[in-house]
Amino acid sequence: MNKNINVPPEAAKKKIRKPIFSEIAAVPHTVWSVLFIVLPLIFVCYYAFTDSEGALTFDNILALSSHAHTFLTSICYAFIATVICLVVGYPLAFSISQASAKRQGMLIMLLMIPMWMNLLIRTYSLMAILDDGGLLNGLLKAWGLGELNIIGTSGAVIFGMVYDFLPYMVLPIYSVMTKQDRKLIEAAYDLGCPRLSAHLKVTLPLSVPGIVSGITMVFVPSISTFYISQKLGGGTRELIGDTIERQFQNRATYNVGAAISLVMMILILISVAIMNKFSDEDSEGGIIV
């Protein structure tokens with residue numbers, strides 16, 4: 001016979017106390033976050049709304065109108081690079097997820113190896129390949145096909161973004177796909193659904209969290225990059241990151257650089273908010289930023 005056990009309200013409301021070790025282990029992370037995340041953000045906000053004398057002003061925000069073209073160019077470049085990464089990365093992630101476990105490990109290893117090298121080294125490698133006297137033009141000349149002037153163009157900058165940030169698109173999508181229940185797609189086949197329709201109606205919707213994470217992880221660094229545009233753009237393609245770097249090199253324009261950085265922070269927060277809104281928090285897989 002079941003008996004109802006009355007639990008005192010005080011006992012029901014009493015929370016389980018975390019072990020003291022967990023609280024101590026969180027201290028270094030908290031200190032690190034405050035010193036290198038919270039305080040820099042506060043400093044950026046402070047300098048964005050003050051002048052060189054420390055007086056409150058909105059002139060730095062109003063001065064952003066002169067950099068509207070740079071903002072628009074950066075957003076367009078980042079958008080194009082993100083779309084290319086998605087178009088290339090989604091089929092690649094799908095192909096890797098369909099391979100055997102042993103081949104998956106090898107393919108992921110090949111995808112990750114370039115990421116083990118510094119971004120500067122990878123960018124210099126692209127310069128050596130795409131330069132007028134580089135490997136690509138050397139092969140074209142040997143085949144009698146002429147030369148291509150790639151360095152210093154918008155295409156070179158976007159190609160550099162795609163090359164450097166493509167793994168950030170592939171990995172989240174791959175992570176989601178490997179955790180999908182393959183019985184769902186088999187059930188679609190058994191019910192007479194063609195292969196393409198089954199993929200569009202089953203695999204693709206279940207991959208949305210990984211897609212949204214990948215888009216965010218590519219778009220955010222693409223819109224804020226500066227070294228890629230400097231080297232592959234030949235100094236003729238200035239993006240937001242280049243403008244911020246140039247503003248901070250001059251003490252007279254330091255506050256304007258902080259204002260541009262503040263706008264960048266807002267754009268990044270908007271991107272992360274969109275990712276959190278459209279990604280399925282209850283689904284397994286994916287990479288959370």
# chains A, B, ... in the order shown; residues from 1 in each chain; ligands from 1
$ residues_around --residues "A:Gly233" --least-positions-apart "3" --cutoff "9 Å" --atoms "only C-alpha atoms" --output "NGL selection string"
:A and (150-157 or 228-230 or 236-238)
$ write_last_selection --atoms "N, CA, C and O atoms" --output "PDB file, in the first residue's frame"
ATOM      1  N   ILE A 150      46.255  37.659 -58.778  1.00  0.00           N
ATOM      2  CA  ILE A 150      45.296  37.320 -57.727  1.00  0.00           C
ATOM      3  C   ILE A 150      45.515  38.170 -56.483  1.00  0.00           C
ATOM      4  O   ILE A 150      44.556  38.713 -55.916  1.00  0.00           O
ATOM      5  N   ILE A 151      46.761  38.276 -56.025  1.00  0.00           N
ATOM      6  CA  ILE A 151      47.057  39.058 -54.822  1.00  0.00           C
ATOM      7  C   ILE A 151      46.668  40.511 -55.051  1.00  0.00           C
ATOM      8  O   ILE A 151      46.969  41.108 -56.084  1.00  0.00           O
ATOM      9  N   GLY A 152      45.978  41.085 -54.068  1.00  0.00           N
ATOM     10  CA  GLY A 152      45.532  42.467 -54.168  1.00  0.00           C
ATOM     11  C   GLY A 152      44.107  42.599 -54.655  1.00  0.00           C
ATOM     12  O   GLY A 152      43.630  43.714 -54.873  1.00  0.00           O
ATOM     13  N   THR A 153      43.416  41.478 -54.819  1.00  0.00           N
ATOM     14  CA  THR A 153      42.033  41.501 -55.284  1.00  0.00           C
ATOM     15  C   THR A 153      41.091  41.055 -54.167  1.00  0.00           C
ATOM     16  O   THR A 153      41.511  40.458 -53.171  1.00  0.00           O
ATOM     17  N   SER A 154      39.815  41.348 -54.364  1.00  0.00           N
ATOM     18  CA  SER A 154      38.807  40.914 -53.386  1.00  0.00           C
ATOM     19  C   SER A 154      38.706  39.397 -53.334  1.00  0.00           C
ATOM     20  O   SER A 154      38.481  38.808 -52.274  1.00  0.00           O
ATOM     21  N   GLY A 155      38.887  38.760 -54.494  1.00  0.00           N
ATOM     22  CA  GLY A 155      38.823  37.307 -54.538  1.00  0.00           C
ATOM     23  C   GLY A 155      39.883  36.655 -53.675  1.00  0.00           C
ATOM     24  O   GLY A 155      39.631  35.624 -53.047  1.00  0.00           O
ATOM     25  N   ALA A 156      41.081  37.253 -53.641  1.00  0.00           N
ATOM     26  CA  ALA A 156      42.155  36.690 -52.819  1.00  0.00           C
ATOM     27  C   ALA A 156      41.804  36.783 -51.341  1.00  0.00           C
ATOM     28  O   ALA A 156      42.065  35.854 -50.564  1.00  0.00           O
ATOM     29  N   VAL A 157      41.211  37.907 -50.919  1.00  0.00           N
ATOM     30  CA  VAL A 157      40.831  38.079 -49.512  1.00  0.00           C
ATOM     31  C   VAL A 157      39.759  37.068 -49.121  1.00  0.00           C
ATOM     32  O   VAL A 157      39.848  36.409 -48.075  1.00  0.00           O
ATOM     33  N   ILE A 228      44.567  38.831 -42.919  1.00  0.00           N
ATOM     34  CA  ILE A 228      44.302  38.242 -44.230  1.00  0.00           C
ATOM     35  C   ILE A 228      44.122  39.329 -45.276  1.00  0.00           C
ATOM     36  O   ILE A 228      44.666  39.260 -46.391  1.00  0.00           O
ATOM     37  N   SER A 229      43.371  40.360 -44.933  1.00  0.00           N
ATOM     38  CA  SER A 229      43.130  41.441 -45.891  1.00  0.00           C
ATOM     39  C   SER A 229      44.390  42.242 -46.162  1.00  0.00           C
ATOM     40  O   SER A 229      44.592  42.738 -47.273  1.00  0.00           O
ATOM     41  N   GLN A 230      45.258  42.374 -45.169  1.00  0.00           N
ATOM     42  CA  GLN A 230      46.499  43.119 -45.371  1.00  0.00           C
ATOM     43  C   GLN A 230      47.435  42.400 -46.324  1.00  0.00           C
ATOM     44  O   GLN A 230      48.028  43.022 -47.216  1.00  0.00           O
ATOM     45  N   THR A 236      45.157  47.069 -50.311  1.00  0.00           N
ATOM     46  CA  THR A 236      44.158  47.846 -51.044  1.00  0.00           C
ATOM     47  C   THR A 236      42.734  47.531 -50.601  1.00  0.00           C
ATOM     48  O   THR A 236      41.804  48.185 -51.053  1.00  0.00           O
ATOM     49  N   ARG A 237      42.556  46.534 -49.757  1.00  0.00           N
ATOM     50  CA  ARG A 237      41.234  46.135 -49.278  1.00  0.00           C
ATOM     51  C   ARG A 237      41.201  46.293 -47.769  1.00  0.00           C
ATOM     52  O   ARG A 237      41.655  45.438 -47.032  1.00  0.00           O
ATOM     53  N   GLU A 238      40.675  47.413 -47.295  1.00  0.00           N
ATOM     54  CA  GLU A 238      40.645  47.682 -45.856  1.00  0.00           C
ATOM     55  C   GLU A 238      39.322  47.221 -45.278  1.00  0.00           C
ATOM     56  O   GLU A 238      38.247  47.633 -45.727  1.00  0.00           O
TER      57      GLU A 238
END
$ closest_atom_pairs --of "stretch 208-287 of chain A" --to "stretch 61-78 of chain A" --cutoff "7 Å" --atoms "only C-alpha atoms" --output "Markdown table"
| residue | atom | partner | partner_atom | distance |
| --- | --- | --- | --- | --- |
| A:Phe219 | CA | A:Ala78 | CA | 5.6 |
| A:Ser222 | CA | A:Ala78 | CA | 5.0 |
| A:Ile223 | CA | A:Ala78 | CA | 5.1 |
| A:Glu238 | CA | A:Thr70 | CA | 6.7 |
| A:Leu239 | CA | A:Ser74 | CA | 5.2 |
| A:Ile240 | CA | A:Phe71 | CA | 6.0 |
| A:Ala259 | CA | A:Ile61 | CA | 6.0 |
| A:Ile260 | CA | A:Leu64 | CA | 6.9 |
$ atom_distance --atom1 "atom CA of A:Pro209" --atom2 "atom CA of A:Ile268"
18.0 Å
$ residues_around --residues "A:Gly89" --least-positions-apart "2" --cutoff "7 Å" --atoms "only C-alpha atoms" --output "list in words"
Cys85, Leu86, Val87, Pro91, Leu92, Ala93, Leu166, Met169 and Val170 of chain A
$ write_last_selection --atoms "N, CA and C atoms" --output "short mmCIF file (atom, residue, chain, number, x, y, z; two decimals), in the first residue's frame"
data_model
loop_
_atom_site.label_atom_id
_atom_site.label_comp_id
_atom_site.auth_asym_id
_atom_site.auth_seq_id
_atom_site.Cartn_x
_atom_site.Cartn_y
_atom_site.Cartn_z
N CYS A 85 31.80 28.79 -47.56
CA CYS A 85 32.14 27.76 -46.58
C CYS A 85 30.98 26.80 -46.35
N LEU A 86 29.76 27.33 -46.34
CA LEU A 86 28.59 26.47 -46.14
C LEU A 86 28.37 25.56 -47.34
N VAL A 87 28.48 26.12 -48.54
CA VAL A 87 28.27 25.33 -49.76
C VAL A 87 29.32 24.23 -49.88
N PRO A 91 28.49 19.52 -47.80
CA PRO A 91 28.71 18.21 -48.44
C PRO A 91 29.94 17.49 -47.91
N LEU A 92 30.99 18.26 -47.58
CA LEU A 92 32.19 17.64 -47.02
C LEU A 92 31.91 16.99 -45.68
N ALA A 93 31.18 17.70 -44.82
CA ALA A 93 30.83 17.14 -43.51
C ALA A 93 29.94 15.91 -43.66
N LEU A 166 37.24 27.46 -43.10
CA LEU A 166 36.40 26.35 -43.54
C LEU A 166 36.25 25.25 -42.47
N MET A 169 33.36 25.55 -40.16
CA MET A 169 32.04 25.22 -40.69
C MET A 169 31.83 23.72 -40.73
N VAL A 170 32.87 22.98 -41.08
CA VAL A 170 32.74 21.54 -41.25
C VAL A 170 32.55 20.83 -39.91
#
$ residues_around --residues "stretch 198-204 of chain A" --least-positions-apart "4" --cutoff "7 Å" --atoms "only C-alpha atoms" --output "PyMOL selection string"
chain A and resi 185+188+193-194+208
$ closest_residue --among "A:Leu171, A:Val218, A:Val38, A:Ile274" --to "A:Gln104" --atoms "only C-alpha atoms"
A:Leu171
$ atom_distance --atom1 "atom CA of A:Ile84" --atom2 "atom CA of A:Val162"
7.1 Å
